[in-house]
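Input: a single structure, listed below in structure tokens.
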Amino acid sequence: MDNIAHNDTAFLGSGWAFPVSFSADNYMLNLSANETNINESINVILNTHKGERTLESEFGSGIQQFMFRKIDSTLKGEIIEAIKFALLRYEPRILVQDVKVASTDIANGTIEILISYIYSKTNTRHNYVFPFYVKEGTNLDKKK
């Protein structure tokens with residue numbers, strides 16, 4: 001008999017916390033479980049560049065390819081499709097219902113991506129907000 005505790009949310013999974021960190025008390029690897037684990041998984045998928053993982057080169061959303069582009073309806077549509085496809089392929093515990101791209105700070109190139117999803121086993125609705133910086137690292141024009 002295994003020592004793993006089985007409960008109603010066991011299907012949500014558990015694993016290493018992201019970012020990877022260690023507990024100061026017992027020097028063990030921090031873990032995440034349930035909803036936190038799914039949110040961390042979504043974050044990893046959205047932040048991973050395609051080709052970044054050696055053994056799984058297609059892993060990730062590839063939204064980084066949209067950096068430095070003009071924020072218009074075409075860009076928003078491409079981002080939505082890339083995210084829907086990536087989450088469908090790499091996060092089987094959820095069913096994405098809607099993805100919206102909202103321009104929040106066009107001057108600084110920041111947009112928010114709102115993801116509505118349900119857990120595939122329980123039909124529980126959840127939302128995830130992902131900030132995406134279209135002009136990341138372009139503070140060269142600011143004068144001190």
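Identifiers in this document derive from the order of the structure tokens: chains are assigned A, B, ..., residues are numbered from 1 separately in each chain, and ligands are numbered from 1 in order of occurrence.
Once Ala102 in chain A and its same-chain neighbours fewer than 5 positions away are set aside, A:Ile71, A:Asp72, A:Ser73, A:Leu75, A:Lys76, A:Gly77, A:Ile79, A:Ile80, A:Gly109, A:Thr110, A:Ile111, A:Glu112, A:Ile113, A:Leu114, A:Ile115, A:Val129, A:Phe130, A:Pro131, A:Phe132 remain within 12 Å of it when counting only C-alpha atoms.
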Taking C-alpha atoms for each residue, export the selection above as a PDB file, in the first residue's frame.
```
ATOM      1  CA  ILE A  71      -0.480  46.132 -30.381  1.00  0.00           C
ATOM      2  CA  ASP A  72      -3.478  45.719 -32.679  1.00  0.00           C
ATOM      3  CA  SER A  73      -6.334  43.269 -33.179  1.00  0.00           C
ATOM      4  CA  LEU A  75      -1.556  40.675 -32.618  1.00  0.00           C
ATOM      5  CA  LYS A  76      -4.223  40.030 -29.994  1.00  0.00           C
ATOM      6  CA  GLY A  77      -5.741  37.263 -32.127  1.00  0.00           C
ATOM      7  CA  ILE A  79      -1.614  35.705 -28.920  1.00  0.00           C
ATOM      8  CA  ILE A  80      -5.010  34.199 -28.094  1.00  0.00           C
ATOM      9  CA  GLY A 109       3.918  47.930 -23.948  1.00  0.00           C
ATOM     10  CA  THR A 110       2.156  45.985 -21.220  1.00  0.00           C
ATOM     11  CA  ILE A 111      -0.898  43.853 -21.930  1.00  0.00           C
ATOM     12  CA  GLU A 112      -2.839  41.531 -19.661  1.00  0.00           C
ATOM     13  CA  ILE A 113      -3.964  38.130 -20.806  1.00  0.00           C
ATOM     14  CA  LEU A 114      -7.097  36.891 -19.038  1.00  0.00           C
ATOM     15  CA  ILE A 115      -7.566  33.128 -19.164  1.00  0.00           C
ATOM     16  CA  VAL A 129      -4.187  36.787 -15.312  1.00  0.00           C
ATOM     17  CA  PHE A 130      -0.839  36.814 -17.093  1.00  0.00           C
ATOM     18  CA  PRO A 131       1.021  40.110 -17.604  1.00  0.00           C
ATOM     19  CA  PHE A 132       2.868  40.165 -20.926  1.00  0.00           C
TER      20      PHE A 132
END
```
Would you pick out the contacts of range 48-59 of chain A at 10 Å or less, using only C-alpha atoms, so that residues sharing its chain but fewer than 5 positions from it are not included, and give the list as a PyMOL selection string?
chain A and resi 43+64-65+86+89-90
Out of range 3-130 of chain A, which residues get alpha helix (DSSP H) from DSSP, as a ChimeraX atom specification?
/A:34-47,73-90
Please dump the current selection as a short mmCIF file (atom, residue, chain, number, x, y, z; two decimals), in the first residue's frame; keep N, CA, C and O atoms.
```cif
data_model
loop_
_atom_site.label_atom_id
_atom_site.label_comp_id
_atom_site.auth_asym_id
_atom_site.auth_seq_id
_atom_site.Cartn_x
_atom_site.Cartn_y
_atom_site.Cartn_z
N ASN A 34 -2.43 21.09 -6.07
CA ASN A 34 -3.78 21.51 -6.40
C ASN A 34 -3.81 22.75 -7.29
O ASN A 34 -3.12 22.79 -8.29
N GLU A 35 -4.62 23.75 -6.93
CA GLU A 35 -4.80 24.93 -7.77
C GLU A 35 -3.48 25.68 -7.99
O GLU A 35 -3.22 26.18 -9.07
N THR A 36 -2.67 25.76 -6.94
CA THR A 36 -1.38 26.45 -7.06
C THR A 36 -0.50 25.76 -8.09
O THR A 36 0.16 26.42 -8.90
N ASN A 37 -0.51 24.43 -8.10
CA ASN A 37 0.29 23.68 -9.06
C ASN A 37 -0.16 23.94 -10.49
O ASN A 37 0.66 24.10 -11.39
N ILE A 38 -1.47 24.02 -10.70
CA ILE A 38 -1.99 24.30 -12.05
C ILE A 38 -1.61 25.72 -12.48
O ILE A 38 -1.17 25.94 -13.61
N ASN A 39 -1.76 26.70 -11.59
CA ASN A 39 -1.39 28.08 -11.93
C ASN A 39 0.10 28.19 -12.24
O ASN A 39 0.50 28.91 -13.17
N GLU A 40 0.93 27.49 -11.48
CA GLU A 40 2.37 27.51 -11.76
C GLU A 40 2.67 26.84 -13.10
O GLU A 40 3.53 27.30 -13.84
N SER A 41 1.94 25.78 -13.41
CA SER A 41 2.11 25.10 -14.70
C SER A 41 1.74 26.01 -15.86
O SER A 41 2.46 26.08 -16.87
N ILE A 42 0.64 26.74 -15.72
CA ILE A 42 0.23 27.69 -16.75
C ILE A 42 1.31 28.75 -16.94
O ILE A 42 1.67 29.11 -18.05
N ASN A 43 1.83 29.24 -15.83
CA ASN A 43 2.88 30.26 -15.88
C ASN A 43 4.13 29.74 -16.59
O ASN A 43 4.74 30.44 -17.40
N VAL A 44 4.51 28.50 -16.31
CA VAL A 44 5.68 27.91 -16.96
C VAL A 44 5.44 27.78 -18.46
O VAL A 44 6.29 28.12 -19.28
N ILE A 45 4.25 27.31 -18.84
CA ILE A 45 3.92 27.15 -20.26
C ILE A 45 3.98 28.49 -20.98
O ILE A 45 4.55 28.60 -22.07
N LEU A 46 3.40 29.53 -20.39
CA LEU A 46 3.36 30.83 -21.04
C LEU A 46 4.73 31.51 -21.09
O LEU A 46 5.00 32.27 -22.01
N ASN A 47 5.59 31.24 -20.12
CA ASN A 47 6.90 31.89 -20.09
C ASN A 47 8.00 31.13 -20.83
O ASN A 47 9.08 31.66 -21.02
N SER A 73 -5.44 44.42 -33.27
CA SER A 73 -6.33 43.27 -33.18
C SER A 73 -5.71 42.00 -33.76
O SER A 73 -5.97 40.90 -33.29
N THR A 74 -4.86 42.13 -34.77
CA THR A 74 -4.18 40.97 -35.35
C THR A 74 -3.25 40.34 -34.32
O THR A 74 -3.24 39.12 -34.14
N LEU A 75 -2.46 41.18 -33.64
CA LEU A 75 -1.56 40.67 -32.62
C LEU A 75 -2.34 39.99 -31.50
O LEU A 75 -1.96 38.90 -31.05
N LYS A 76 -3.42 40.62 -31.06
CA LYS A 76 -4.22 40.03 -29.99
C LYS A 76 -4.76 38.66 -30.40
O LYS A 76 -4.74 37.71 -29.62
N GLY A 77 -5.23 38.54 -31.64
CA GLY A 77 -5.74 37.26 -32.13
C GLY A 77 -4.66 36.20 -32.18
O GLY A 77 -4.90 35.03 -31.82
N GLU A 78 -3.47 36.56 -32.60
CA GLU A 78 -2.36 35.61 -32.66
C GLU A 78 -1.95 35.14 -31.26
O GLU A 78 -1.65 33.96 -31.04
N ILE A 79 -1.94 36.06 -30.31
CA ILE A 79 -1.61 35.70 -28.92
C ILE A 79 -2.66 34.75 -28.36
O ILE A 79 -2.33 33.74 -27.73
N ILE A 80 -3.93 35.05 -28.59
CA ILE A 80 -5.01 34.20 -28.09
C ILE A 80 -4.89 32.79 -28.65
O ILE A 80 -4.98 31.80 -27.91
N GLU A 81 -4.67 32.67 -29.95
CA GLU A 81 -4.55 31.34 -30.56
C GLU A 81 -3.33 30.58 -30.04
O GLU A 81 -3.41 29.37 -29.78
N ALA A 82 -2.21 31.26 -29.88
CA ALA A 82 -1.00 30.61 -29.38
C ALA A 82 -1.22 30.08 -27.96
O ALA A 82 -0.79 28.96 -27.64
N ILE A 83 -1.89 30.87 -27.13
CA ILE A 83 -2.13 30.45 -25.74
C ILE A 83 -3.13 29.30 -25.69
O ILE A 83 -2.92 28.31 -24.97
N LYS A 84 -4.21 29.39 -26.44
CA LYS A 84 -5.20 28.30 -26.45
C LYS A 84 -4.55 26.99 -26.89
O LYS A 84 -4.78 25.95 -26.27
N PHE A 85 -3.75 27.03 -27.94
CA PHE A 85 -3.11 25.83 -28.44
C PHE A 85 -2.13 25.25 -27.42
O PHE A 85 -2.11 24.04 -27.16
N ALA A 86 -1.31 26.11 -26.81
CA ALA A 86 -0.31 25.65 -25.84
C ALA A 86 -0.97 25.03 -24.62
O ALA A 86 -0.53 23.97 -24.14
N LEU A 87 -2.02 25.65 -24.10
CA LEU A 87 -2.68 25.11 -22.92
C LEU A 87 -3.44 23.83 -23.25
O LEU A 87 -3.50 22.91 -22.43
N LEU A 88 -4.02 23.75 -24.42
CA LEU A 88 -4.69 22.52 -24.85
C LEU A 88 -3.69 21.37 -24.92
O LEU A 88 -3.97 20.26 -24.48
N ARG A 89 -2.52 21.66 -25.44
CA ARG A 89 -1.51 20.62 -25.65
C ARG A 89 -0.76 20.24 -24.37
O ARG A 89 -0.45 19.07 -24.16
N TYR A 90 -0.44 21.21 -23.52
CA TYR A 90 0.46 20.95 -22.40
C TYR A 90 -0.16 20.99 -21.02
O TYR A 90 0.54 20.70 -20.04
#
```
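Among the candidates A:Ala17, A:Ile63, A:Ala107, A:Leu95, the residue lying nearest to Ser32 in chain A is A:Ala17 (atoms considered: only C-alpha atoms).
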